[in-house]
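Heads up, the thing below is written out as structure tokens.
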Amino acid sequence: MESFAYLYTMSNAQNTTASIQLQHIGRVEATPAGNLKEGMRLMWNFGEMSDVVSIDRETAKSIWITEKCGRTGNLFSRRFAKTRLVAAFFFFF
């Protein structure tokens with residue numbers, strides 16, 4: 001998991017305009033939460049991953065999502081301000 005996070009950081013964060021600092025990972029490419037789509041993968045501190053299962057609700061300033069934890073498989077509901085930067089990307093096998 002950690003090596004994938006490092007490769008993602010190195011390949012995607014160099015030529016971007018928006019990035020965030022994740023603990024134990026470093027600088028990674030970021031996108032506003034308002035751009036999240038179903039099927040995107042989110043990266044958190046220490047390389048934790050979660051997948052966006054659904055976009056539940058949107059208002060002018062907020063977005064509610066359901067995410068599936070990559071480690072435990074549990075589902076969680078989360079609300080973001082649409083302007084909040086998150087490390088999100090489409091993940092293909």
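If you're wondering about the labels, chains in the structure tokens are A, B, ... by order shown, residues count from 1 in each chain, ligands from 1 in order shown.
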
As a VMD selection string, please: every residue in chain A that DSSP puts in strand (DSSP E or B).
chain A and resid 19 to 22 26 to 29 31 to 32 40 to 43 49 to 58 62 to 69 75 to 81 85 to 90

Residue with smallest distance to Asp51 of chain A - pool A:Ile63, A:Gly39, A:Leu22, A:Gly73, counting only C-alpha atoms:
A:Gly39

Please determine, counting only C-alpha atoms, which residue among A:Thr17, A:Lys61, A:Leu42, A:Thr66 has the shortest atom-to-atom distance to Lys82 of chain A.
A:Lys61

For the helix (DSSP H, G or I) assignment from backbone DSSP, which residues of chain A qualify? Please present them as JSON, numbers by chain.
{"A": [2, 3, 4, 5, 6, 7, 8, 9, 10, 11, 12, 33, 34, 35, 45, 46, 47]}

Any chance you can output those residues with all heavy atoms as a compact mmCIF listing (two decimals), in the first residue's frame?
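What ended up in result-v7.txt:
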```txt
# COMPACT_ATOMS: atom_id res chain seq x y z
N GLU A 2 1.89 1.25 0.82
CA GLU A 2 2.72 2.44 0.94
C GLU A 2 3.46 2.71 -0.37
O GLU A 2 3.60 3.86 -0.76
CB GLU A 2 3.69 2.25 2.09
CG GLU A 2 4.46 3.51 2.41
CD GLU A 2 5.29 3.32 3.65
OE1 GLU A 2 4.72 2.99 4.69
OE2 GLU A 2 6.50 3.49 3.55
N SER A 3 3.94 1.69 -1.05
CA SER A 3 4.67 1.91 -2.29
C SER A 3 3.76 2.47 -3.37
O SER A 3 4.16 3.31 -4.15
CB SER A 3 5.34 0.62 -2.76
OG SER A 3 4.36 -0.36 -3.02
N PHE A 4 2.49 2.01 -3.42
CA PHE A 4 1.55 2.56 -4.39
C PHE A 4 1.33 4.04 -4.11
O PHE A 4 1.31 4.85 -5.02
CB PHE A 4 0.22 1.82 -4.34
CG PHE A 4 -0.83 2.50 -5.17
CD1 PHE A 4 -0.79 2.44 -6.56
CD2 PHE A 4 -1.82 3.25 -4.58
CE1 PHE A 4 -1.73 3.09 -7.33
CE2 PHE A 4 -2.77 3.91 -5.35
CZ PHE A 4 -2.71 3.82 -6.72
N ALA A 5 1.16 4.40 -2.85
CA ALA A 5 0.94 5.79 -2.49
C ALA A 5 2.13 6.64 -2.91
O ALA A 5 1.97 7.75 -3.42
CB ALA A 5 0.70 5.92 -0.99
N TYR A 6 3.34 6.13 -2.73
CA TYR A 6 4.53 6.87 -3.12
C TYR A 6 4.56 7.07 -4.64
O TYR A 6 4.83 8.16 -5.13
CB TYR A 6 5.78 6.14 -2.65
CG TYR A 6 7.05 6.82 -3.11
CD1 TYR A 6 7.49 7.98 -2.49
CD2 TYR A 6 7.79 6.31 -4.16
CE1 TYR A 6 8.63 8.62 -2.91
CE2 TYR A 6 8.94 6.94 -4.59
CZ TYR A 6 9.36 8.09 -3.96
OH TYR A 6 10.49 8.72 -4.38
N LEU A 7 4.27 6.02 -5.40
CA LEU A 7 4.26 6.13 -6.86
C LEU A 7 3.20 7.11 -7.32
O LEU A 7 3.43 7.90 -8.23
CB LEU A 7 4.04 4.76 -7.49
CG LEU A 7 5.17 3.76 -7.34
CD1 LEU A 7 4.75 2.40 -7.88
CD2 LEU A 7 6.42 4.26 -8.03
N TYR A 8 2.02 7.08 -6.69
CA TYR A 8 0.96 8.01 -7.04
C TYR A 8 1.42 9.43 -6.78
O TYR A 8 1.24 10.31 -7.61
CB TYR A 8 -0.30 7.70 -6.23
CG TYR A 8 -1.34 8.77 -6.41
CD1 TYR A 8 -2.10 8.84 -7.58
CD2 TYR A 8 -1.56 9.74 -5.43
CE1 TYR A 8 -3.03 9.82 -7.76
CE2 TYR A 8 -2.50 10.72 -5.61
CZ TYR A 8 -3.23 10.77 -6.78
OH TYR A 8 -4.15 11.75 -6.96
N THR A 9 2.06 9.66 -5.65
CA THR A 9 2.53 10.99 -5.29
C THR A 9 3.53 11.49 -6.33
O THR A 9 3.44 12.61 -6.82
CB THR A 9 3.21 10.95 -3.91
OG1 THR A 9 2.28 10.47 -2.97
CG2 THR A 9 3.67 12.32 -3.49
N MET A 10 4.49 10.68 -6.67
CA MET A 10 5.55 11.10 -7.57
C MET A 10 5.03 11.33 -8.99
O MET A 10 5.43 12.27 -9.65
CB MET A 10 6.67 10.07 -7.59
CG MET A 10 7.36 9.91 -6.25
SD MET A 10 7.90 11.46 -5.52
CE MET A 10 9.14 11.96 -6.68
N SER A 11 4.13 10.49 -9.48
CA SER A 11 3.70 10.60 -10.87
C SER A 11 2.61 11.64 -11.08
O SER A 11 2.52 12.20 -12.16
CB SER A 11 3.22 9.24 -11.38
OG SER A 11 2.07 8.85 -10.68
N ASN A 12 1.80 11.92 -10.08
CA ASN A 12 0.65 12.79 -10.31
C ASN A 12 0.76 14.19 -9.72
O ASN A 12 0.03 15.07 -10.12
CB ASN A 12 -0.61 12.13 -9.74
CG ASN A 12 -0.96 10.90 -10.52
OD1 ASN A 12 -0.78 10.86 -11.72
ND2 ASN A 12 -1.44 9.88 -9.85
N ALA A 33 -13.87 18.82 -3.76
CA ALA A 33 -14.83 17.74 -3.48
C ALA A 33 -16.06 17.83 -4.38
O ALA A 33 -16.71 16.82 -4.64
CB ALA A 33 -15.24 17.77 -2.02
N GLY A 34 -16.38 19.00 -4.87
CA GLY A 34 -17.51 19.15 -5.79
C GLY A 34 -17.33 18.40 -7.09
O GLY A 34 -18.29 18.15 -7.81
N ASN A 35 -16.09 17.99 -7.41
CA ASN A 35 -15.81 17.23 -8.64
C ASN A 35 -15.84 15.73 -8.43
O ASN A 35 -15.57 14.98 -9.37
CB ASN A 35 -14.43 17.60 -9.18
CG ASN A 35 -14.35 19.04 -9.64
OD1 ASN A 35 -15.36 19.68 -9.86
ND2 ASN A 35 -13.14 19.55 -9.76
N ASN A 45 -4.50 10.37 4.96
CA ASN A 45 -3.22 10.30 5.65
C ASN A 45 -2.77 8.85 5.83
O ASN A 45 -3.59 7.95 5.99
CB ASN A 45 -3.31 10.97 7.02
CG ASN A 45 -3.47 12.46 6.91
OD1 ASN A 45 -2.95 13.08 5.98
ND2 ASN A 45 -4.17 13.06 7.85
N PHE A 46 -1.47 8.64 5.81
CA PHE A 46 -0.84 7.34 6.00
C PHE A 46 -1.23 6.33 4.92
O PHE A 46 -1.12 5.13 5.11
CB PHE A 46 -1.12 6.77 7.39
CG PHE A 46 -0.65 7.69 8.48
CD1 PHE A 46 -1.54 8.53 9.13
CD2 PHE A 46 0.69 7.74 8.83
CE1 PHE A 46 -1.11 9.40 10.12
CE2 PHE A 46 1.12 8.61 9.82
CZ PHE A 46 0.23 9.44 10.46
N GLY A 47 -1.71 6.80 3.76
CA GLY A 47 -2.00 5.92 2.63
C GLY A 47 -3.32 5.19 2.70
O GLY A 47 -3.57 4.31 1.89
```

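Here atom CA of Met43 of chain A is placed at a distance of 8.5 Å from atom CA of Phe89 of chain A.
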
What's around Leu36 of chain A at 12 Å? Count only C-alpha atoms, leave out sequence neighbours fewer than 6 positions away in its own chain, and write the answer as a count of residues only.
28

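Reported to one decimal place, the separation of atom CA of Ser19 of chain A from atom CA of Thr72 of chain A is 26.9 Å.
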
One number please: atom CA of Val28 of chain A to atom CA of Thr59 of chain A, in Å, one decimal.
26.9 Å

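Among A:Ile25, A:Ser50, A:Ala60, A:Ala18, the residue with the shortest atom-to-atom distance to Arg78 of chain A, counting only C-alpha atoms, is A:Ser50.
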
Using only C-alpha atoms, which residue out of A:Glu38, A:Thr31, A:Trp44, A:His24 lies closest to Gly70 of chain A?
A:Trp44
